[in-house]
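Source file final_10.cif; content: mmCIF, N, CA, C and O atoms.
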data_final
#
loop_
_atom_site.label_atom_id
_atom_site.label_comp_id
_atom_site.auth_asym_id
_atom_site.auth_seq_id
_atom_site.Cartn_x
_atom_site.Cartn_y
_atom_site.Cartn_z
N MET A 115 -133.52 -26.74 12.48
CA MET A 115 -132.56 -26.37 13.50
C MET A 115 -132.77 -27.26 14.73
O MET A 115 -133.90 -27.49 15.16
N VAL A 116 -131.69 -27.74 15.29
CA VAL A 116 -131.73 -28.61 16.47
C VAL A 116 -131.89 -27.75 17.72
O VAL A 116 -131.18 -26.77 17.88
N PRO A 117 -132.83 -28.09 18.60
CA PRO A 117 -133.01 -27.31 19.83
C PRO A 117 -131.75 -27.33 20.70
O PRO A 117 -131.09 -28.36 20.83
N ALA A 118 -131.42 -26.19 21.27
CA ALA A 118 -130.28 -26.08 22.17
C ALA A 118 -130.69 -26.51 23.57
O ALA A 118 -131.80 -26.23 24.01
N ARG A 119 -129.80 -27.20 24.26
CA ARG A 119 -130.03 -27.53 25.67
C ARG A 119 -129.69 -26.29 26.48
O ARG A 119 -128.61 -25.72 26.33
N LEU A 120 -130.62 -25.89 27.33
CA LEU A 120 -130.51 -24.63 28.06
C LEU A 120 -130.77 -24.84 29.54
O LEU A 120 -131.38 -25.82 29.94
N THR A 121 -130.34 -23.85 30.34
CA THR A 121 -130.76 -23.75 31.72
C THR A 121 -131.58 -22.48 31.83
O THR A 121 -131.11 -21.40 31.44
N VAL A 122 -132.79 -22.60 32.34
CA VAL A 122 -133.68 -21.45 32.50
C VAL A 122 -133.76 -21.12 33.98
O VAL A 122 -134.05 -22.01 34.80
N ARG A 123 -133.49 -19.85 34.32
CA ARG A 123 -133.60 -19.40 35.71
C ARG A 123 -134.71 -18.37 35.80
O ARG A 123 -134.78 -17.44 35.00
N PHE A 124 -135.59 -18.58 36.79
CA PHE A 124 -136.74 -17.70 36.99
C PHE A 124 -136.49 -16.79 38.18
O PHE A 124 -136.01 -17.23 39.22
N PHE A 125 -136.87 -15.51 38.05
CA PHE A 125 -136.68 -14.54 39.11
C PHE A 125 -138.01 -13.88 39.47
O PHE A 125 -138.88 -13.69 38.61
N ALA A 126 -138.16 -13.54 40.74
CA ALA A 126 -139.30 -12.77 41.27
C ALA A 126 -140.64 -13.36 40.84
O ALA A 126 -140.91 -14.53 41.09
N GLY A 127 -141.49 -12.57 40.19
CA GLY A 127 -142.82 -13.01 39.79
C GLY A 127 -142.80 -14.16 38.80
O GLY A 127 -143.74 -14.94 38.74
N ALA A 128 -141.75 -14.28 38.01
CA ALA A 128 -141.64 -15.41 37.09
C ALA A 128 -141.47 -16.71 37.88
O ALA A 128 -142.05 -17.73 37.54
N ARG A 129 -140.69 -16.64 38.96
CA ARG A 129 -140.50 -17.82 39.81
C ARG A 129 -141.84 -18.23 40.43
O ARG A 129 -142.19 -19.40 40.46
N ALA A 130 -142.58 -17.25 40.93
CA ALA A 130 -143.89 -17.55 41.54
C ALA A 130 -144.83 -18.15 40.50
O ALA A 130 -145.54 -19.13 40.79
N ALA A 131 -144.84 -17.61 39.30
CA ALA A 131 -145.73 -18.10 38.25
C ALA A 131 -145.33 -19.50 37.76
O ALA A 131 -146.16 -20.24 37.24
N ALA A 132 -144.07 -19.86 37.96
CA ALA A 132 -143.58 -21.20 37.58
C ALA A 132 -143.73 -22.17 38.74
O ALA A 132 -143.13 -23.25 38.72
N GLY A 133 -144.51 -21.81 39.74
CA GLY A 133 -144.75 -22.71 40.85
C GLY A 133 -143.62 -22.78 41.85
O GLY A 133 -143.45 -23.78 42.53
N GLY A 134 -142.80 -21.73 41.91
CA GLY A 134 -141.70 -21.69 42.86
C GLY A 134 -140.40 -22.29 42.35
O GLY A 134 -139.40 -22.32 43.07
N VAL A 135 -140.40 -22.75 41.12
CA VAL A 135 -139.19 -23.32 40.52
C VAL A 135 -138.19 -22.19 40.28
O VAL A 135 -138.54 -21.17 39.70
N SER A 136 -136.94 -22.37 40.73
CA SER A 136 -135.95 -21.32 40.51
C SER A 136 -135.12 -21.55 39.25
O SER A 136 -134.67 -20.60 38.62
N ALA A 137 -134.95 -22.82 38.85
CA ALA A 137 -134.18 -23.13 37.64
C ALA A 137 -134.58 -24.51 37.14
O ALA A 137 -134.97 -25.38 37.92
N GLU A 138 -134.49 -24.68 35.81
CA GLU A 138 -134.81 -25.97 35.21
C GLU A 138 -134.17 -26.08 33.85
O GLU A 138 -133.88 -25.07 33.20
N PRO A 139 -133.93 -27.31 33.37
CA PRO A 139 -133.42 -27.48 32.02
C PRO A 139 -134.55 -27.34 31.01
O PRO A 139 -135.72 -27.55 31.32
N ALA A 140 -134.18 -26.97 29.80
CA ALA A 140 -135.15 -26.86 28.70
C ALA A 140 -134.39 -27.01 27.39
O ALA A 140 -133.15 -26.93 27.36
N GLU A 141 -135.14 -27.20 26.33
CA GLU A 141 -134.57 -27.25 24.98
C GLU A 141 -135.42 -26.37 24.08
O GLU A 141 -136.65 -26.46 24.10
N ALA A 142 -134.75 -25.50 23.32
CA ALA A 142 -135.46 -24.62 22.39
C ALA A 142 -134.46 -24.03 21.41
O ALA A 142 -133.26 -23.96 21.68
N THR A 143 -134.97 -23.60 20.26
CA THR A 143 -134.12 -22.97 19.25
C THR A 143 -134.10 -21.45 19.39
O THR A 143 -133.18 -20.80 18.90
N SER A 144 -135.15 -20.89 20.04
CA SER A 144 -135.26 -19.43 20.17
C SER A 144 -136.05 -19.10 21.44
O SER A 144 -136.68 -19.98 22.04
N LEU A 145 -136.03 -17.85 21.84
CA LEU A 145 -136.84 -17.43 22.99
C LEU A 145 -138.32 -17.61 22.71
O LEU A 145 -139.10 -17.95 23.60
N GLU A 146 -138.71 -17.39 21.47
CA GLU A 146 -140.11 -17.58 21.08
C GLU A 146 -140.54 -19.03 21.34
O GLU A 146 -141.60 -19.28 21.94
N GLU A 147 -139.73 -19.97 20.92
CA GLU A 147 -140.02 -21.39 21.16
C GLU A 147 -139.95 -21.71 22.64
O GLU A 147 -140.78 -22.46 23.17
N LEU A 148 -138.98 -21.15 23.34
CA LEU A 148 -138.82 -21.39 24.76
C LEU A 148 -140.03 -20.90 25.55
O LEU A 148 -140.53 -21.61 26.43
N THR A 149 -140.53 -19.72 25.23
CA THR A 149 -141.69 -19.20 25.97
C THR A 149 -142.91 -20.10 25.76
O THR A 149 -143.67 -20.34 26.70
N GLN A 150 -143.09 -20.63 24.56
CA GLN A 150 -144.20 -21.54 24.32
C GLN A 150 -144.03 -22.83 25.12
O GLN A 150 -144.96 -23.33 25.74
N HIS A 151 -142.82 -23.35 25.11
CA HIS A 151 -142.50 -24.58 25.85
C HIS A 151 -142.76 -24.38 27.35
O HIS A 151 -143.36 -25.23 28.01
N LEU A 152 -142.31 -23.25 27.90
CA LEU A 152 -142.49 -22.99 29.33
C LEU A 152 -143.96 -22.77 29.68
O LEU A 152 -144.42 -23.18 30.75
N THR A 153 -144.69 -22.12 28.79
CA THR A 153 -146.13 -21.92 29.01
C THR A 153 -146.85 -23.27 29.00
O THR A 153 -147.70 -23.52 29.86
N ASP A 154 -146.50 -24.13 28.07
CA ASP A 154 -147.10 -25.47 28.02
C ASP A 154 -146.78 -26.25 29.30
O ASP A 154 -147.62 -26.97 29.82
N ARG A 155 -145.57 -26.09 29.81
CA ARG A 155 -145.13 -26.84 30.99
C ARG A 155 -145.74 -26.31 32.29
O ARG A 155 -146.12 -27.09 33.15
N HIS A 156 -145.83 -24.98 32.42
CA HIS A 156 -146.23 -24.39 33.70
C HIS A 156 -147.61 -23.72 33.69
O HIS A 156 -148.11 -23.38 34.75
N GLY A 157 -148.17 -23.48 32.53
CA GLY A 157 -149.51 -22.91 32.47
C GLY A 157 -149.55 -21.45 32.06
O GLY A 157 -148.53 -20.77 31.95
N GLU A 158 -150.77 -21.00 31.85
CA GLU A 158 -151.01 -19.66 31.30
C GLU A 158 -150.57 -18.54 32.24
O GLU A 158 -150.23 -17.45 31.78
N ARG A 159 -150.56 -18.79 33.54
CA ARG A 159 -150.08 -17.75 34.47
C ARG A 159 -148.65 -17.36 34.13
O ARG A 159 -148.32 -16.18 34.04
N LEU A 160 -147.78 -18.35 33.93
CA LEU A 160 -146.41 -18.05 33.53
C LEU A 160 -146.39 -17.45 32.12
O LEU A 160 -145.63 -16.53 31.85
N GLY A 161 -147.24 -17.94 31.24
CA GLY A 161 -147.31 -17.41 29.88
C GLY A 161 -147.57 -15.91 29.87
O GLY A 161 -146.96 -15.18 29.08
N LEU A 162 -148.43 -15.44 30.75
CA LEU A 162 -148.71 -14.00 30.83
C LEU A 162 -147.48 -13.23 31.30
O LEU A 162 -147.18 -12.15 30.79
N VAL A 163 -146.76 -13.79 32.26
CA VAL A 163 -145.53 -13.14 32.74
C VAL A 163 -144.49 -13.08 31.62
O VAL A 163 -143.83 -12.06 31.42
N LEU A 164 -144.37 -14.17 30.88
CA LEU A 164 -143.35 -14.24 29.82
C LEU A 164 -143.59 -13.23 28.71
O LEU A 164 -142.64 -12.77 28.07
N LYS A 165 -144.85 -12.87 28.47
CA LYS A 165 -145.15 -11.89 27.42
C LYS A 165 -144.52 -10.54 27.69
O LYS A 165 -144.15 -9.81 26.76
N SER A 166 -144.37 -10.17 28.97
CA SER A 166 -143.81 -8.86 29.30
C SER A 166 -142.42 -8.96 29.93
O SER A 166 -141.84 -7.95 30.31
N ALA A 167 -141.89 -10.17 30.05
CA ALA A 167 -140.59 -10.38 30.69
C ALA A 167 -139.44 -9.92 29.80
O ALA A 167 -139.56 -9.85 28.57
N SER A 168 -138.32 -9.66 30.46
CA SER A 168 -137.05 -9.44 29.77
C SER A 168 -136.24 -10.72 29.91
O SER A 168 -136.41 -11.47 30.87
N PHE A 169 -135.37 -10.97 28.95
CA PHE A 169 -134.56 -12.18 28.95
C PHE A 169 -133.09 -11.83 28.84
O PHE A 169 -132.70 -10.98 28.03
N LEU A 170 -132.28 -12.49 29.65
CA LEU A 170 -130.83 -12.42 29.52
C LEU A 170 -130.36 -13.77 29.00
O LEU A 170 -130.78 -14.82 29.52
N VAL A 171 -129.52 -13.75 27.99
CA VAL A 171 -128.93 -14.97 27.43
C VAL A 171 -127.45 -14.90 27.77
O VAL A 171 -126.73 -14.03 27.27
N ASP A 172 -127.04 -15.77 28.67
CA ASP A 172 -125.66 -15.75 29.19
C ASP A 172 -125.28 -14.35 29.67
O ASP A 172 -124.19 -13.85 29.40
N GLY A 173 -126.21 -13.70 30.37
CA GLY A 173 -125.95 -12.41 30.99
C GLY A 173 -126.15 -11.19 30.09
O GLY A 173 -126.02 -10.07 30.55
N LEU A 174 -126.48 -11.41 28.83
CA LEU A 174 -126.68 -10.30 27.89
C LEU A 174 -128.15 -10.18 27.52
O LEU A 174 -128.80 -11.18 27.20
N SER A 175 -128.66 -8.96 27.54
CA SER A 175 -130.06 -8.72 27.20
C SER A 175 -130.34 -9.14 25.77
O SER A 175 -129.56 -8.86 24.86
N CYS A 176 -131.44 -9.84 25.58
CA CYS A 176 -131.84 -10.30 24.25
C CYS A 176 -133.26 -9.84 23.98
O CYS A 176 -134.19 -10.22 24.69
N HIS A 177 -133.43 -8.99 22.95
CA HIS A 177 -134.74 -8.45 22.61
C HIS A 177 -135.38 -9.16 21.41
O HIS A 177 -136.56 -9.02 21.18
N ASP A 178 -134.58 -9.90 20.67
CA ASP A 178 -135.07 -10.61 19.48
C ASP A 178 -135.48 -12.01 19.88
O ASP A 178 -134.63 -12.90 20.06
N ARG A 179 -136.76 -12.23 20.05
CA ARG A 179 -137.25 -13.53 20.52
C ARG A 179 -137.15 -14.61 19.46
O ARG A 179 -137.40 -15.77 19.74
N ARG A 180 -136.76 -14.26 18.25
CA ARG A 180 -136.59 -15.26 17.18
C ARG A 180 -135.12 -15.61 16.94
O ARG A 180 -134.83 -16.50 16.14
N ALA A 181 -134.21 -14.92 17.61
CA ALA A 181 -132.78 -15.17 17.43
C ALA A 181 -132.43 -16.58 17.93
O ALA A 181 -132.98 -17.04 18.92
N PRO A 182 -131.52 -17.26 17.25
CA PRO A 182 -131.12 -18.60 17.68
C PRO A 182 -130.43 -18.55 19.04
O PRO A 182 -129.66 -17.63 19.33
N LEU A 183 -130.71 -19.55 19.87
CA LEU A 183 -130.08 -19.64 21.18
C LEU A 183 -128.87 -20.56 21.11
O LEU A 183 -128.93 -21.63 20.49
N PRO A 184 -127.76 -20.17 21.75
CA PRO A 184 -126.58 -21.03 21.74
C PRO A 184 -126.74 -22.21 22.68
O PRO A 184 -127.34 -22.10 23.75
N ALA A 185 -126.21 -23.35 22.28
CA ALA A 185 -126.26 -24.55 23.13
C ALA A 185 -125.56 -24.27 24.45
O ALA A 185 -124.53 -23.60 24.51
N GLY A 186 -126.17 -24.75 25.53
CA GLY A 186 -125.58 -24.60 26.85
C GLY A 186 -125.82 -23.26 27.51
O GLY A 186 -125.30 -23.01 28.59
N ALA A 187 -126.61 -22.40 26.87
CA ALA A 187 -126.84 -21.06 27.40
C ALA A 187 -127.67 -21.10 28.68
O ALA A 187 -128.47 -22.00 28.90
N THR A 188 -127.47 -20.08 29.51
CA THR A 188 -128.31 -19.84 30.67
C THR A 188 -129.23 -18.69 30.33
O THR A 188 -128.77 -17.62 29.92
N ILE A 189 -130.53 -18.93 30.46
CA ILE A 189 -131.55 -17.94 30.14
C ILE A 189 -132.15 -17.45 31.45
O ILE A 189 -132.72 -18.25 32.19
N ASP A 190 -132.02 -16.17 31.75
CA ASP A 190 -132.63 -15.57 32.93
C ASP A 190 -133.93 -14.91 32.52
O ASP A 190 -133.96 -14.12 31.56
N VAL A 191 -135.02 -15.25 33.22
CA VAL A 191 -136.35 -14.68 32.96
C VAL A 191 -136.62 -13.64 34.02
O VAL A 191 -136.72 -13.97 35.21
N LEU A 192 -136.70 -12.38 33.59
CA LEU A 192 -136.87 -11.25 34.50
C LEU A 192 -138.21 -10.58 34.23
O LEU A 192 -138.37 -9.92 33.21
N PRO A 193 -139.17 -10.73 35.13
CA PRO A 193 -140.46 -10.06 34.94
C PRO A 193 -140.29 -8.57 35.15
O PRO A 193 -139.30 -8.13 35.73
N PRO A 194 -141.26 -7.76 34.72
CA PRO A 194 -141.18 -6.33 34.99
C PRO A 194 -141.16 -6.10 36.50
O PRO A 194 -141.88 -6.77 37.24
N PHE A 195 -140.32 -5.20 36.92
CA PHE A 195 -140.20 -4.89 38.35
C PHE A 195 -140.87 -3.56 38.64
O PHE A 195 -140.78 -2.64 37.84
N ALA A 196 -141.52 -3.45 39.79
CA ALA A 196 -142.12 -2.20 40.23
C ALA A 196 -141.13 -1.45 41.10
O ALA A 196 -140.22 -2.03 41.67
N GLY A 197 -141.33 -0.18 41.21
CA GLY A 197 -140.48 0.62 42.09
C GLY A 197 -139.27 1.17 41.39
O GLY A 197 -139.17 1.16 40.18
N GLY A 198 -138.32 1.66 42.15
CA GLY A 198 -137.16 2.33 41.57
C GLY A 198 -135.96 1.57 41.79
O GLY A 198 -134.96 1.49 41.31
#

Have the structure of the file written as structure tokens, please.
Amino acid sequence: MVPARLTVRFFAGARAAAGGVSAEPAEATSLEELTQHLTDRHGERLGLVLKSASFLVDGLSCHDRRAPLPAGATIDVLPPFAGG
């Protein structure tokens, strides 16, 4: 499978763990591959956040980290939030 070109947007603690980056391009076939790629790029601190993060693919919640990603998709990385 050919990796899809994606835009990854980081929010809250994910942004902090990515060194303050709010958005960046990436290529991956699945969220599983994307999380490994982002961990390799930014380090284990982000990797820990990604393990418990929620992901939106073009605005829709995606729970299957092995599902294929559509080309051109925007992936939002949402860490767990505290409070109400």

Subject >> Local residues around (-137.1, -15.6, 36.8), at most 6 Å away, using all atoms listed in the file, as a list of chain:residue names >> reply: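 The residues near that point, listed by chain and number, are A:Arg123, A:Phe124, A:Phe125, A:Ala126, A:Ala128, A:Arg129, A:Ser136, A:Asp190, A:Val191, A:Leu192, A:Pro193.
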
**OP:** Within chain A, find each residue whose DSSP state, derived from the backbone, is strand (DSSP E or B), and express the selection as a PyMOL selection string.
**Re:** chain A and resi 118-124+137-142+144+168-171+174-176+182+188-192

Subject >> Coordinates-based distance that separates CA of Ala132 in chain A from CA of Thr153 in chain A (Å, one decimal) >> reply: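 Separation between CA of Thr153 in chain A and CA of Ala132 in chain A: 9.0 Å.
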
Subject >> All residues 12 Å or closer to Gly127 in chain A, only C-alpha atoms, same chain fewer than 4 positions away omitted, as a PyMOL selection string >> reply: chain A and resi 123+131-136+159-164+166-167+191-196

Subject >> Test item: the PyMOL selection byres ((chain A and resi 186) around 5) resolved as a VMD selection string >> reply: chain A and resid 119 to 120 184 to 185 187 to 188

Original post:
What separation in Å, quoted to one decimal, exists between atom C of Leu183 in chain A and atom N of Thr143 in chain A?
Top reply: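 We find that atom C of Leu183 in chain A and atom N of Thr143 in chain A lie 6.9 Å from each other.
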
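Coordinates place CA of Glu158 in chain A at a distance of 25.7 Å from CA of Asp172 in chain A.
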
Residues within 8 Å of His177 in chain A, all atoms listed in the file, excluding chain neighbours under 6 positions, as a PDB file with N, CA, C and O atoms, keeping the file's coordinate frame:
ATOM      1  N   ALA A 167    -141.890 -10.170  30.050  1.00  0.00           N
ATOM      2  CA  ALA A 167    -140.590 -10.380  30.690  1.00  0.00           C
ATOM      3  C   ALA A 167    -139.440  -9.920  29.800  1.00  0.00           C
ATOM      4  O   ALA A 167    -139.560  -9.850  28.570  1.00  0.00           O
ATOM      5  N   SER A 168    -138.320  -9.660  30.460  1.00  0.00           N
ATOM      6  CA  SER A 168    -137.050  -9.440  29.770  1.00  0.00           C
ATOM      7  C   SER A 168    -136.240 -10.720  29.910  1.00  0.00           C
ATOM      8  O   SER A 168    -136.410 -11.470  30.870  1.00  0.00           O
ATOM      9  N   PHE A 169    -135.370 -10.970  28.950  1.00  0.00           N
ATOM     10  CA  PHE A 169    -134.560 -12.180  28.950  1.00  0.00           C
ATOM     11  C   PHE A 169    -133.090 -11.830  28.840  1.00  0.00           C
ATOM     12  O   PHE A 169    -132.700 -10.980  28.030  1.00  0.00           O
ATOM     13  N   LEU A 170    -132.280 -12.490  29.650  1.00  0.00           N
ATOM     14  CA  LEU A 170    -130.830 -12.420  29.520  1.00  0.00           C
ATOM     15  C   LEU A 170    -130.360 -13.770  29.000  1.00  0.00           C
ATOM     16  O   LEU A 170    -130.780 -14.820  29.520  1.00  0.00           O
ATOM     17  N   VAL A 171    -129.520 -13.750  27.990  1.00  0.00           N
ATOM     18  CA  VAL A 171    -128.930 -14.970  27.430  1.00  0.00           C
ATOM     19  C   VAL A 171    -127.450 -14.900  27.770  1.00  0.00           C
ATOM     20  O   VAL A 171    -126.730 -14.030  27.270  1.00  0.00           O
TER      21      VAL A 171
END

**OP:** Going by DSSP on the backbone, which bits of chain A are alpha helix (DSSP H)? Write them as a ChimeraX atom specification, please.
**Re:** /A:127-131,145-156,158-166

Original post:
Taking the file as shown, what set of residues would the PyMOL selection byres ((chain A and resi 138) around 4.5) give back, as a list in words?
Top reply: Leu120, Thr121, Val122, Ala137, Pro139 and Ala140 of chain A

Go ahead and write the selection's residues with N, CA, C and O atoms as a tab-separated table (two decimals), keeping the file's coordinate frame.
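Result file follows (again13.tsv):
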chain	number	residue	atom	x	y	z
A	120	LEU	N	-130.62	-25.89	27.33
A	120	LEU	CA	-130.51	-24.63	28.06
A	120	LEU	C	-130.77	-24.84	29.54
A	120	LEU	O	-131.38	-25.82	29.94
A	121	THR	N	-130.34	-23.85	30.34
A	121	THR	CA	-130.76	-23.75	31.72
A	121	THR	C	-131.58	-22.48	31.83
A	121	THR	O	-131.11	-21.40	31.44
A	122	VAL	N	-132.79	-22.60	32.34
A	122	VAL	CA	-133.68	-21.45	32.50
A	122	VAL	C	-133.76	-21.12	33.98
A	122	VAL	O	-134.05	-22.01	34.80
A	137	ALA	N	-134.95	-22.82	38.85
A	137	ALA	CA	-134.18	-23.13	37.64
A	137	ALA	C	-134.58	-24.51	37.14
A	137	ALA	O	-134.97	-25.38	37.92
A	139	PRO	N	-133.93	-27.31	33.37
A	139	PRO	CA	-133.42	-27.48	32.02
A	139	PRO	C	-134.55	-27.34	31.01
A	139	PRO	O	-135.72	-27.55	31.32
A	140	ALA	N	-134.18	-26.97	29.80
A	140	ALA	CA	-135.15	-26.86	28.70
A	140	ALA	C	-134.39	-27.01	27.39
A	140	ALA	O	-133.15	-26.93	27.36

Please, could all heavy atoms be added to range 136-146 of chain A and the result written as an mmCIF file, in the frame of the given file?
data_model
loop_
_atom_site.group_PDB
_atom_site.id
_atom_site.type_symbol
_atom_site.label_atom_id
_atom_site.label_comp_id
_atom_site.auth_asym_id
_atom_site.auth_seq_id
_atom_site.Cartn_x
_atom_site.Cartn_y
_atom_site.Cartn_z
ATOM 1 N N SER A 136 -136.940 -22.370 40.730
ATOM 2 C CA SER A 136 -135.950 -21.320 40.510
ATOM 3 C C SER A 136 -135.120 -21.550 39.250
ATOM 4 O O SER A 136 -134.670 -20.600 38.620
ATOM 5 C CB SER A 136 -135.029 -21.184 41.721
ATOM 6 O OG SER A 136 -134.332 -22.393 41.951
ATOM 7 N N ALA A 137 -134.950 -22.820 38.850
ATOM 8 C CA ALA A 137 -134.180 -23.130 37.640
ATOM 9 C C ALA A 137 -134.580 -24.510 37.140
ATOM 10 O O ALA A 137 -134.970 -25.380 37.920
ATOM 11 C CB ALA A 137 -132.683 -23.096 37.920
ATOM 12 N N GLU A 138 -134.490 -24.680 35.810
ATOM 13 C CA GLU A 138 -134.810 -25.970 35.210
ATOM 14 C C GLU A 138 -134.170 -26.080 33.850
ATOM 15 O O GLU A 138 -133.880 -25.070 33.200
ATOM 16 C CB GLU A 138 -136.318 -26.159 35.094
ATOM 17 C CG GLU A 138 -136.990 -25.223 34.128
ATOM 18 C CD GLU A 138 -138.508 -25.407 34.114
ATOM 19 O OE1 GLU A 138 -139.077 -25.789 35.130
ATOM 20 O OE2 GLU A 138 -139.093 -25.157 33.053
ATOM 21 N N PRO A 139 -133.930 -27.310 33.370
ATOM 22 C CA PRO A 139 -133.420 -27.480 32.020
ATOM 23 C C PRO A 139 -134.550 -27.340 31.010
ATOM 24 O O PRO A 139 -135.720 -27.550 31.320
ATOM 25 C CB PRO A 139 -132.879 -28.921 32.043
ATOM 26 C CG PRO A 139 -133.709 -29.608 33.079
ATOM 27 C CD PRO A 139 -134.044 -28.562 34.109
ATOM 28 N N ALA A 140 -134.180 -26.970 29.800
ATOM 29 C CA ALA A 140 -135.150 -26.860 28.700
ATOM 30 C C ALA A 140 -134.390 -27.010 27.390
ATOM 31 O O ALA A 140 -133.150 -26.930 27.360
ATOM 32 C CB ALA A 140 -135.880 -25.524 28.753
ATOM 33 N N GLU A 141 -135.140 -27.200 26.330
ATOM 34 C CA GLU A 141 -134.570 -27.250 24.980
ATOM 35 C C GLU A 141 -135.420 -26.370 24.080
ATOM 36 O O GLU A 141 -136.650 -26.460 24.100
ATOM 37 C CB GLU A 141 -134.547 -28.674 24.445
ATOM 38 C CG GLU A 141 -133.577 -29.579 25.159
ATOM 39 C CD GLU A 141 -133.469 -30.945 24.515
ATOM 40 O OE1 GLU A 141 -134.102 -31.188 23.471
ATOM 41 O OE2 GLU A 141 -132.744 -31.785 25.063
ATOM 42 N N ALA A 142 -134.750 -25.500 23.320
ATOM 43 C CA ALA A 142 -135.460 -24.620 22.390
ATOM 44 C C ALA A 142 -134.460 -24.030 21.410
ATOM 45 O O ALA A 142 -133.260 -23.960 21.680
ATOM 46 C CB ALA A 142 -136.154 -23.488 23.151
ATOM 47 N N THR A 143 -134.970 -23.600 20.260
ATOM 48 C CA THR A 143 -134.120 -22.970 19.250
ATOM 49 C C THR A 143 -134.100 -21.450 19.390
ATOM 50 O O THR A 143 -133.180 -20.800 18.900
ATOM 51 C CB THR A 143 -134.586 -23.331 17.835
ATOM 52 O OG1 THR A 143 -135.940 -22.893 17.671
ATOM 53 C CG2 THR A 143 -134.513 -24.831 17.594
ATOM 54 N N SER A 144 -135.150 -20.890 20.040
ATOM 55 C CA SER A 144 -135.260 -19.430 20.170
ATOM 56 C C SER A 144 -136.050 -19.100 21.440
ATOM 57 O O SER A 144 -136.680 -19.980 22.040
ATOM 58 C CB SER A 144 -136.009 -18.847 18.964
ATOM 59 O OG SER A 144 -137.350 -19.323 18.964
ATOM 60 N N LEU A 145 -136.030 -17.850 21.840
ATOM 61 C CA LEU A 145 -136.840 -17.430 22.990
ATOM 62 C C LEU A 145 -138.320 -17.610 22.710
ATOM 63 O O LEU A 145 -139.100 -17.950 23.600
ATOM 64 C CB LEU A 145 -136.545 -15.973 23.355
ATOM 65 C CG LEU A 145 -135.188 -15.693 23.977
ATOM 66 C CD1 LEU A 145 -134.992 -14.188 24.167
ATOM 67 C CD2 LEU A 145 -135.027 -16.430 25.303
ATOM 68 N N GLU A 146 -138.710 -17.390 21.470
ATOM 69 C CA GLU A 146 -140.110 -17.580 21.080
ATOM 70 C C GLU A 146 -140.540 -19.030 21.340
ATOM 71 O O GLU A 146 -141.600 -19.280 21.940
ATOM 72 C CB GLU A 146 -140.271 -17.225 19.605
ATOM 73 C CG GLU A 146 -141.687 -17.187 19.114
ATOM 74 C CD GLU A 146 -141.735 -16.656 17.686
ATOM 75 O OE1 GLU A 146 -141.258 -17.359 16.766
ATOM 76 O OE2 GLU A 146 -142.246 -15.548 17.500
#
